[in-house]
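Asker: Here's a structure for you.
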Amino acid sequence: YTADVRVSDSNFKQVSEVYRKIRNTIRFLHGNVADFDPSADRVSFEEMRPVDQYVYVKLQDLIKEVRTAYDHYEFAGVYHAVNNFCTGVLSSFYLDIAKDVVYIEGVNHPHRRAMQTVMYDTLITLVKLITPILPHTADEMWNYLNVKEADSVQLTDMPEADEKGEVADKLRERFDHLMAIRDDVLKALEEARNAKVIGKSLEAKVTVVLPEDQQGLLQASDIDFAQFFIVSTFEESKNTELPNALKLDRATVLVEPAEGEKCERCWTISTTVGEDTTHPALCARCASVVKENYA
């Protein structure tokens, strides 16, 4: 509304790709909260794992950014903020690692319900945030949601950011480091794929060596780093002379084929596959989940 807009087939193609990403992200979120009842299954922020807390904090950052853009009538800012969140935080990170929890753990496992809590809040928030610029898509999704807040999303208010203060600051600082290391690990996995060392990332064992001042960063017990990097086996090492390791910007990364066999349920490579004679094709984790929930 401030200047003439160029129109061409390439413009339409680019915008349609972004729209498809936003729509597909919303569909994926909706599909993964199908059995989630927010009144009964919600997990509090304090009981979530750090990775879930981090994404929740990033969602609040998105709310603040989008509301500021709307207040200044900067609709392109809304478009870019939503697209960057769907692409960077959700699709290439959170929704990717969520599959190992939401698809694999028992229905009421606390980690699964925590992730569904974040997914549900993200879904509701995204639908509300896009309403002024994608009203038809927002209305369509709202009709599929069992929300008693209003008959139409057009009758709801914009979400308010849930500030977490110092806790949020610490999470951002911690995950800024972790996500930078994750970028290096993903580069090393891509190199290993190109060299035919592995196929998919779940076929890999990853060993990471960090600079001396950061050693121990990947040994925290509150994060499953194999899950975080989407590999079957992970370890942090102090051995700076790892043969065939790739030296990258923030870490030295060695990618090797993981030992064991492929679990037919979670697709990880594990030495525990076959230990349970009742479920010989499953790893110990999946065999336990199946026994507890589907026996």
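Residue names in the structure tokens use chain letters A, B, ... in the order shown, residue numbers from 1 in each chain, and ligand numbers from 1 in the order shown.
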Can you build me a table of range 38-140 of chain A residues sitting at most 10 Å from range 167-191 of chain A, with the closest atom pair per residue and its distance in Å to one decimal, using only C-alpha atoms, sorted by chain and residue number, as JSON lines?
Answerer:
{"residue": "A:Pro50", "atom": "CA", "partner": "A:Leu171", "partner_atom": "CA", "distance": 7.4}
{"residue": "A:Val51", "atom": "CA", "partner": "A:Phe175", "partner_atom": "CA", "distance": 8.3}
{"residue": "A:Gln53", "atom": "CA", "partner": "A:Leu171", "partner_atom": "CA", "distance": 7.7}
{"residue": "A:Tyr54", "atom": "CA", "partner": "A:Leu171", "partner_atom": "CA", "distance": 5.8}
{"residue": "A:Val55", "atom": "CA", "partner": "A:Leu171", "partner_atom": "CA", "distance": 9.5}
{"residue": "A:Tyr56", "atom": "CA", "partner": "A:Ala168", "partner_atom": "CA", "distance": 9.3}
{"residue": "A:Val57", "atom": "CA", "partner": "A:Ala168", "partner_atom": "CA", "distance": 6.2}
{"residue": "A:Lys58", "atom": "CA", "partner": "A:Arg172", "partner_atom": "CA", "distance": 8.3}
{"residue": "A:Gln60", "atom": "CA", "partner": "A:Ala168", "partner_atom": "CA", "distance": 9.7}
{"residue": "A:Asp61", "atom": "CA", "partner": "A:Ala168", "partner_atom": "CA", "distance": 9.9}
{"residue": "A:Phe93", "atom": "CA", "partner": "A:Met179", "partner_atom": "CA", "distance": 9.3}
Asker: Go ahead and save the picked residues with all heavy atoms, as a compact mmCIF listing (two decimals), in the first residue's frame.
Answerer:
# COMPACT_ATOMS: atom_id res chain seq x y z
N PRO A 50 13.52 -28.47 28.46
CA PRO A 50 14.05 -27.22 27.93
C PRO A 50 13.75 -26.98 26.46
O PRO A 50 13.49 -25.85 26.05
CB PRO A 50 15.56 -27.34 28.18
CG PRO A 50 15.66 -28.22 29.38
CD PRO A 50 14.54 -29.22 29.23
N VAL A 51 13.79 -28.02 25.64
CA VAL A 51 13.56 -27.83 24.21
C VAL A 51 12.13 -27.35 23.95
O VAL A 51 11.89 -26.51 23.08
CB VAL A 51 13.86 -29.14 23.42
CG1 VAL A 51 12.88 -30.25 23.78
CG2 VAL A 51 13.87 -28.87 21.92
N GLN A 53 10.28 -25.69 26.22
CA GLN A 53 10.24 -24.34 26.78
C GLN A 53 10.82 -23.33 25.78
O GLN A 53 10.29 -22.23 25.62
CB GLN A 53 11.02 -24.28 28.09
CG GLN A 53 10.38 -25.06 29.23
CD GLN A 53 11.22 -25.01 30.49
OE1 GLN A 53 12.43 -24.82 30.44
NE2 GLN A 53 10.58 -25.18 31.64
N TYR A 54 11.90 -23.71 25.12
CA TYR A 54 12.56 -22.82 24.17
C TYR A 54 11.61 -22.47 23.02
O TYR A 54 11.50 -21.30 22.63
CB TYR A 54 13.82 -23.48 23.64
CG TYR A 54 14.44 -22.77 22.46
CD1 TYR A 54 15.05 -21.53 22.60
CD2 TYR A 54 14.43 -23.36 21.19
CE1 TYR A 54 15.62 -20.87 21.50
CE2 TYR A 54 14.99 -22.72 20.10
CZ TYR A 54 15.58 -21.47 20.26
OH TYR A 54 16.13 -20.85 19.18
N VAL A 55 10.94 -23.46 22.46
CA VAL A 55 10.03 -23.20 21.34
C VAL A 55 8.84 -22.37 21.81
O VAL A 55 8.37 -21.49 21.07
CB VAL A 55 9.58 -24.53 20.69
CG1 VAL A 55 8.52 -24.28 19.61
CG2 VAL A 55 10.78 -25.25 20.08
N TYR A 56 8.38 -22.61 23.03
CA TYR A 56 7.30 -21.79 23.58
C TYR A 56 7.75 -20.33 23.69
O TYR A 56 6.99 -19.41 23.36
CB TYR A 56 6.88 -22.33 24.94
CG TYR A 56 5.72 -21.58 25.56
CD1 TYR A 56 4.41 -21.88 25.18
CD2 TYR A 56 5.93 -20.57 26.49
CE1 TYR A 56 3.34 -21.18 25.73
CE2 TYR A 56 4.87 -19.87 27.04
CZ TYR A 56 3.56 -20.19 26.66
OH TYR A 56 2.51 -19.49 27.20
N VAL A 57 8.98 -20.11 24.14
CA VAL A 57 9.52 -18.75 24.24
C VAL A 57 9.63 -18.12 22.85
O VAL A 57 9.31 -16.94 22.67
CB VAL A 57 10.89 -18.77 24.94
CG1 VAL A 57 11.64 -17.45 24.76
CG2 VAL A 57 10.71 -19.05 26.43
N LYS A 58 10.08 -18.89 21.86
CA LYS A 58 10.18 -18.37 20.50
C LYS A 58 8.80 -18.01 19.95
O LYS A 58 8.66 -17.06 19.16
CB LYS A 58 10.85 -19.39 19.58
CG LYS A 58 12.30 -19.69 19.92
CD LYS A 58 13.20 -18.48 19.74
CE LYS A 58 13.46 -18.13 18.31
NZ LYS A 58 14.38 -16.98 18.16
N GLN A 60 6.36 -16.82 21.78
CA GLN A 60 6.04 -15.52 22.40
C GLN A 60 6.78 -14.39 21.70
O GLN A 60 6.24 -13.29 21.52
CB GLN A 60 6.38 -15.54 23.90
CG GLN A 60 5.80 -16.71 24.69
CD GLN A 60 4.36 -17.02 24.33
OE1 GLN A 60 3.48 -16.16 24.38
NE2 GLN A 60 4.10 -18.28 23.98
N ASP A 61 8.02 -14.66 21.28
CA ASP A 61 8.78 -13.67 20.50
C ASP A 61 8.06 -13.36 19.19
O ASP A 61 8.02 -12.20 18.75
CB ASP A 61 10.19 -14.18 20.21
CG ASP A 61 11.06 -14.29 21.47
OD1 ASP A 61 10.69 -13.68 22.49
OD2 ASP A 61 12.09 -14.99 21.41
N PHE A 93 13.22 -27.77 12.64
CA PHE A 93 13.71 -28.12 13.97
C PHE A 93 12.66 -28.85 14.80
O PHE A 93 12.66 -30.07 14.89
CB PHE A 93 14.20 -26.87 14.71
CG PHE A 93 14.57 -27.10 16.15
CD1 PHE A 93 15.50 -28.08 16.49
CD2 PHE A 93 13.95 -26.38 17.17
CE1 PHE A 93 15.82 -28.32 17.82
CE2 PHE A 93 14.27 -26.62 18.50
CZ PHE A 93 15.20 -27.59 18.82
Asker: Tell me, as a ChimeraX atom specification, which residues lie within 8 Å of range 103-115 of chain A, counting only C-alpha atoms; anything in the same chain fewer than 6 positions away does not count.
Answerer: /A:36,41-44,47-49,52,265-266,286,289-290,292-293
Asker: Would you list the contacts of Asn146 in chain A as a PDB file with N, CA and C atoms, in the first residue's frame, taking every protein, DNA or RNA residue within 12 Å and counting only C-alpha atoms, but skipping same-chain residues closer than 4 positions in sequence?
Answerer:
ATOM      1  N   HIS A  30      -2.160 -29.425  13.417  1.00  0.00           N
ATOM      2  CA  HIS A  30      -3.523 -29.893  13.702  1.00  0.00           C
ATOM      3  C   HIS A  30      -3.580 -31.417  13.750  1.00  0.00           C
ATOM      4  N   VAL A  33      -2.271 -32.931  17.120  1.00  0.00           N
ATOM      5  CA  VAL A  33      -2.965 -32.654  18.391  1.00  0.00           C
ATOM      6  C   VAL A  33      -4.371 -33.232  18.361  1.00  0.00           C
ATOM      7  N   ALA A  34      -4.599 -34.185  17.451  1.00  0.00           N
ATOM      8  CA  ALA A  34      -5.940 -34.765  17.288  1.00  0.00           C
ATOM      9  C   ALA A  34      -6.449 -35.419  18.568  1.00  0.00           C
ATOM     10  N   ASP A  35      -5.539 -36.009  19.367  1.00  0.00           N
ATOM     11  CA  ASP A  35      -5.960 -36.684  20.597  1.00  0.00           C
ATOM     12  C   ASP A  35      -5.634 -35.851  21.837  1.00  0.00           C
ATOM     13  N   PHE A  36      -5.385 -34.555  21.639  1.00  0.00           N
ATOM     14  CA  PHE A  36      -4.986 -33.677  22.743  1.00  0.00           C
ATOM     15  C   PHE A  36      -6.175 -32.852  23.211  1.00  0.00           C
ATOM     16  N   ASP A  37      -6.496 -32.970  24.509  1.00  0.00           N
ATOM     17  CA  ASP A  37      -7.556 -32.174  25.121  1.00  0.00           C
ATOM     18  C   ASP A  37      -6.888 -31.141  26.022  1.00  0.00           C
ATOM     19  N   PRO A  38      -6.879 -29.871  25.615  1.00  0.00           N
ATOM     20  CA  PRO A  38      -6.147 -28.860  26.399  1.00  0.00           C
ATOM     21  C   PRO A  38      -6.636 -28.712  27.831  1.00  0.00           C
ATOM     22  N   SER A  39      -7.872 -29.054  28.085  1.00  0.00           N
ATOM     23  CA  SER A  39      -8.396 -28.934  29.450  1.00  0.00           C
ATOM     24  C   SER A  39      -7.923 -30.055  30.362  1.00  0.00           C
ATOM     25  N   TYR A 120      -0.235 -27.282  20.256  1.00  0.00           N
ATOM     26  CA  TYR A 120      -1.602 -26.745  20.312  1.00  0.00           C
ATOM     27  C   TYR A 120      -1.572 -25.223  20.466  1.00  0.00           C
ATOM     28  N   ILE A 124      -3.096 -22.522  17.652  1.00  0.00           N
ATOM     29  CA  ILE A 124      -4.087 -21.487  17.945  1.00  0.00           C
ATOM     30  C   ILE A 124      -3.502 -20.098  17.692  1.00  0.00           C
ATOM     31  N   MET A 141      -9.343 -23.375   9.125  1.00  0.00           N
ATOM     32  CA  MET A 141      -8.772 -24.153  10.215  1.00  0.00           C
ATOM     33  C   MET A 141      -9.581 -23.998  11.490  1.00  0.00           C
ATOM     34  N   TRP A 142     -10.058 -22.791  11.773  1.00  0.00           N
ATOM     35  CA  TRP A 142     -10.836 -22.567  12.992  1.00  0.00           C
ATOM     36  C   TRP A 142     -12.064 -23.476  13.042  1.00  0.00           C
ATOM     37  N   ALA A 150     -14.812 -18.588  20.503  1.00  0.00           N
ATOM     38  CA  ALA A 150     -15.674 -17.811  19.608  1.00  0.00           C
ATOM     39  C   ALA A 150     -16.065 -18.694  18.428  1.00  0.00           C
ATOM     40  N   ASP A 151     -17.203 -18.375  17.809  1.00  0.00           N
ATOM     41  CA  ASP A 151     -17.650 -19.147  16.651  1.00  0.00           C
ATOM     42  C   ASP A 151     -16.739 -18.939  15.450  1.00  0.00           C
ATOM     43  N   SER A 152     -16.134 -17.774  15.357  1.00  0.00           N
ATOM     44  CA  SER A 152     -15.232 -17.464  14.252  1.00  0.00           C
ATOM     45  C   SER A 152     -13.947 -16.874  14.800  1.00  0.00           C
ATOM     46  N   VAL A 153     -12.842 -17.199  14.155  1.00  0.00           N
ATOM     47  CA  VAL A 153     -11.562 -16.615  14.566  1.00  0.00           C
ATOM     48  C   VAL A 153     -11.575 -15.100  14.379  1.00  0.00           C
TER      49      VAL A 153
END
Asker: Nearest to Thr252 in chain A: which of A:Tyr294, A:Leu218, A:Val208, A:Asp276 is it, counting only C-alpha atoms?
Answerer: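 Of the candidates, the smallest distance to Thr252 in chain A is held by A:Val208.
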Asker: Write out as a ChimeraX atom specification the residues lying within 6 Å of range 235-245 of chain A, counting only C-alpha atoms and excluding same-chain residues fewer than 3 positions away.
Answerer: /A:207-209,253-254
Asker: For the selection just defined, write its residues with C-alpha atoms to a file, as a tab-separated table (two decimals), in the first residue's frame.
Answerer:
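Generated file (part-v9.tsv):
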chain	number	residue	atom	x	y	z
A	207	THR	CA	30.70	-37.72	18.03
A	208	VAL	CA	31.19	-33.99	18.74
A	209	VAL	CA	34.28	-32.27	20.11
A	253	VAL	CA	32.14	-33.65	14.18
A	254	LEU	CA	32.70	-37.32	13.40
Asker: Between CA of Gly165 in chain A and CA of Tyr79 in chain A, what is the distance, to one decimal in Å?
Answerer: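 Separation between CA of Gly165 in chain A and CA of Tyr79 in chain A: 26.4 Å.
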Asker: Point out the residue among A:Asp213, A:Glu256, A:Asp139, A:Glu17 with the least atom-to-atom distance to Lys200 in chain A, counting only C-alpha atoms.
Answerer: A:Glu256
Asker: Expressed in Å to a single decimal, how great is the separation between CA of Arg67 in chain A and CA of Gln154 in chain A?
Answerer: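 So the two atoms, CA of Arg67 in chain A and CA of Gln154 in chain A, lie 15.9 Å apart.
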